[in-house]
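*Asks:* Dumping the structure here so I can ask a few things about it.
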Amino acid sequence: MIRKILEARTVISQFPIINPEKSVIKQLYNNMLQGKPKVHWKCLMYMNAARPKSKFTTWVQLHGKLLTIDRLSKWGLDVEKTCCLCQLQEESREHLFVQCTYVRRLWVRILRWMNKQMYNGTTWEQHLQWTISNAKGKSKEAQLFKVMYAEITYGIWNERNQ
Ligand SMILES: [Zn+2]
C-alpha cells in the first residue's frame with residue numbers, strides 16, 4: 001500500500017503544472033485519462049436512470065468482461081458450453097445478447113411495445129451500433145431505450161444465472 005502511494009506521488013509529480021485556479025482533482029483525473037481510448041458506447045451509461053445493478057451488469061457486458069461460458073472455458077474450466085436459455089448454441093457474449101432465439105423473442109416484444117423496429121444484425125458489433133444509435137441524444141425515447149437496455153441486459157444475465 002505504501003509503495004502504491006509512493007508510486008502515485010511519482011506519477012503525479014510528472015504531470016504538467018497544475019493551475020491553482022481550477023480543481024486539482026479534476027486536472028489530475030483529466031491528465032490520467034490522456035492516452036486512454038474513449039469508449040464509443042458511453043451514451044449508454046451516461047445519465048442512465050436504470051437501477052445501479054443493471055447499469056453495472058451493462059458496463060461489465062460492454063467491456064466484454066461478463067463470465068460467459070466461452071471465457072470460462074478459455075480459462076480451462078470444464079463447463080457445459082450450451083446456452084442455457086435456448087439450448088441450441090454455445091454461449092458467448094455475442095450469442096447470449098445478440099443471437100440467442102430466447103433473447104431475440106424478448107427483444108421483439110419489448111421493441112414492439114416501444115414502437116421500434118427489431119434489429120437484423122447478428123454480430124456483437126452490429127448489435128452495439130444499433131444500440132448506440134437508439135441511445136444517443138436527449139430525447140425521452142433515447143432515455144427510455146437506455147434504461148430498457150440496461151434492465152434487459154441485467155434480466156438476461158440474471159435469468160442465465162438462475
Ligand atoms: Zn441461446
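Just so we're on the same page: first chain in the C-alpha cells is A, next is B, and so on; residues restart at 1 for each chain, and ligands are numbered from 1 in the order they show up.
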Neighbours of ligand 1 within 9 Å, counting only C-alpha atoms and all ligand atoms, as a list in words?
*Replies:*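 For ligand 1, the residues inside 9 Å are Thr82, Cys83, Cys84, Leu85, Cys86, Gln87, Leu88, Gln89, Glu90, Glu91, Ser92, His95, Leu96, Phe97, Gln99, Cys100, Thr101, Tyr102 and Val103 of chain A.
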*Asks:* Put those residues in a file: C-alpha atoms, as a tab-separated table (two decimals), in the first residue's frame.
*Replies:*
```
chain	number	residue	atom	x	y	z
A	82	THR	CA	-24.50	-24.87	-24.48
A	83	CYS	CA	-26.53	-21.72	-23.89
A	84	CYS	CA	-28.92	-22.48	-21.03
A	85	LEU	CA	-31.62	-20.15	-22.41
A	86	CYS	CA	-32.07	-21.75	-25.86
A	87	GLN	CA	-30.03	-24.98	-25.58
A	88	LEU	CA	-29.06	-24.53	-29.24
A	89	GLN	CA	-25.63	-22.94	-29.46
A	90	GLU	CA	-22.53	-22.33	-27.40
A	91	GLU	CA	-22.75	-19.41	-25.03
A	92	SER	CA	-20.71	-16.29	-25.66
A	95	HIS	CA	-24.70	-15.41	-28.67
A	96	LEU	CA	-26.29	-14.55	-25.34
A	97	PHE	CA	-27.09	-10.91	-26.08
A	99	GLN	CA	-28.12	-14.28	-31.45
A	100	CYS	CA	-29.99	-16.30	-28.82
A	101	THR	CA	-33.53	-17.07	-30.00
A	102	TYR	CA	-34.84	-16.70	-26.43
A	103	VAL	CA	-33.36	-13.20	-26.15
```
*Asks:* Compare A:Leu77, A:Val98, A:Ala142, A:Ile152 by their minimum atom-to-atom distance to Ile110 (chain A), counting only C-alpha atoms, and give me the closest one.
*Replies:*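 For Ile110 (chain A), the nearest of the candidates is A:Ile152.
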*Asks:* So how far away is CA of Asn31 (chain A) from CA of Asn19 (chain A), in Å?
*Replies:*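 CA of Asn19 (chain A) sits 12.4 Å away from CA of Asn31 (chain A).
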*Asks:* Which residues are close to region 44-47 of chain A, i.e. within 7 Å by only C-alpha atoms, leaving aside same-chain residues fewer than 6 positions away? Reply as a list in words.
*Replies:*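 Contacts, in chain order: Lys55, Ile132, Ala135 and Lys146 of chain A.
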*Asks:* Calculated over only C-alpha atoms, which of the candidates A:Lys38, A:Arg93, A:Arg105, A:Lys136 has the smallest distance to Thr123 (chain A)?
*Replies:*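 Among the listed residues, the smallest separation from Thr123 (chain A) belongs to A:Arg93.
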*Asks:* Based on DSSP run over this structure's backbone, return all residues of region 101-157 of chain A in helix (DSSP H, G or I), as number ranges by chain.
*Replies:* A: 101-113, 124-135, 140-157
*Asks:* Next, the residues of the selection above should be written as an mmCIF file, in the first residue's frame with C-alpha atoms.
*Replies:*
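File produced: out.cif:
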```cif
data_model
loop_
_atom_site.group_PDB
_atom_site.id
_atom_site.type_symbol
_atom_site.label_atom_id
_atom_site.label_comp_id
_atom_site.auth_asym_id
_atom_site.auth_seq_id
_atom_site.Cartn_x
_atom_site.Cartn_y
_atom_site.Cartn_z
ATOM 1 C CA THR A 101 -33.534 -17.065 -30.004
ATOM 2 C CA TYR A 102 -34.842 -16.696 -26.433
ATOM 3 C CA VAL A 103 -33.356 -13.199 -26.150
ATOM 4 C CA ARG A 104 -34.441 -12.165 -29.648
ATOM 5 C CA ARG A 105 -38.050 -13.114 -28.836
ATOM 6 C CA LEU A 106 -37.783 -10.959 -25.710
ATOM 7 C CA TRP A 107 -36.423 -8.005 -27.727
ATOM 8 C CA VAL A 108 -39.169 -8.356 -30.345
ATOM 9 C CA ARG A 109 -41.854 -7.972 -27.658
ATOM 10 C CA ILE A 110 -40.144 -5.064 -25.929
ATOM 11 C CA LEU A 111 -39.402 -3.223 -29.162
ATOM 12 C CA ARG A 112 -42.999 -3.685 -30.300
ATOM 13 C CA TRP A 113 -44.084 -2.073 -27.018
ATOM 14 C CA TRP A 124 -21.915 -8.049 -31.451
ATOM 15 C CA GLU A 125 -20.626 -5.009 -33.373
ATOM 16 C CA GLN A 126 -23.863 -4.675 -35.357
ATOM 17 C CA HIS A 127 -25.870 -5.027 -32.147
ATOM 18 C CA LEU A 128 -23.737 -2.401 -30.429
ATOM 19 C CA GLN A 129 -24.093 0.059 -33.320
ATOM 20 C CA TRP A 130 -27.864 -0.405 -33.269
ATOM 21 C CA THR A 131 -27.902 0.073 -29.501
ATOM 22 C CA ILE A 132 -25.789 3.228 -29.643
ATOM 23 C CA SER A 133 -27.915 4.732 -32.420
ATOM 24 C CA ASN A 134 -31.018 4.241 -30.255
ATOM 25 C CA ALA A 135 -29.427 5.558 -27.064
ATOM 26 C CA LYS A 140 -37.303 10.746 -23.978
ATOM 27 C CA GLU A 141 -37.172 7.822 -26.411
ATOM 28 C CA ALA A 142 -33.387 7.608 -26.084
ATOM 29 C CA GLN A 143 -33.610 7.894 -22.283
ATOM 30 C CA LEU A 144 -36.190 5.109 -22.154
ATOM 31 C CA PHE A 145 -34.130 2.953 -24.502
ATOM 32 C CA LYS A 146 -31.044 3.288 -22.293
ATOM 33 C CA VAL A 147 -32.993 2.227 -19.210
ATOM 34 C CA MET A 148 -34.598 -0.671 -21.079
ATOM 35 C CA TYR A 149 -31.262 -1.817 -22.468
ATOM 36 C CA ALA A 150 -29.628 -1.893 -19.038
ATOM 37 C CA GLU A 151 -32.611 -3.612 -17.408
ATOM 38 C CA ILE A 152 -32.877 -6.201 -20.195
ATOM 39 C CA THR A 153 -29.147 -6.880 -20.038
ATOM 40 C CA TYR A 154 -29.444 -7.418 -16.283
ATOM 41 C CA GLY A 155 -32.575 -9.552 -16.766
ATOM 42 C CA ILE A 156 -30.887 -11.782 -19.353
ATOM 43 C CA TRP A 157 -27.786 -12.196 -17.219
#
```
*Asks:* One decimal, Å: what's the distance from CA of Met114 (chain A) over to CA of Ser139 (chain A), could you say?
*Replies:*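 CA of Met114 (chain A) sits 13.6 Å away from CA of Ser139 (chain A).
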*Asks:* Which residue, A:Asn115, A:Ser73, A:Gln61, A:Asn30, has the smallest gap to Phe15 (chain A) when you use only C-alpha atoms?
*Replies:*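 Distance minimum relative to Phe15 (chain A) lands on A:Asn30.
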*Asks:* Looking at A:Arg3, A:Lys81, A:His63, A:Lys22, which one is nearest to Val39 (chain A), with distances taken over only C-alpha atoms?
*Replies:*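 Ranking A:Arg3, A:Lys81, A:His63, A:Lys22 by distance to Val39 (chain A), first place goes to A:His63.
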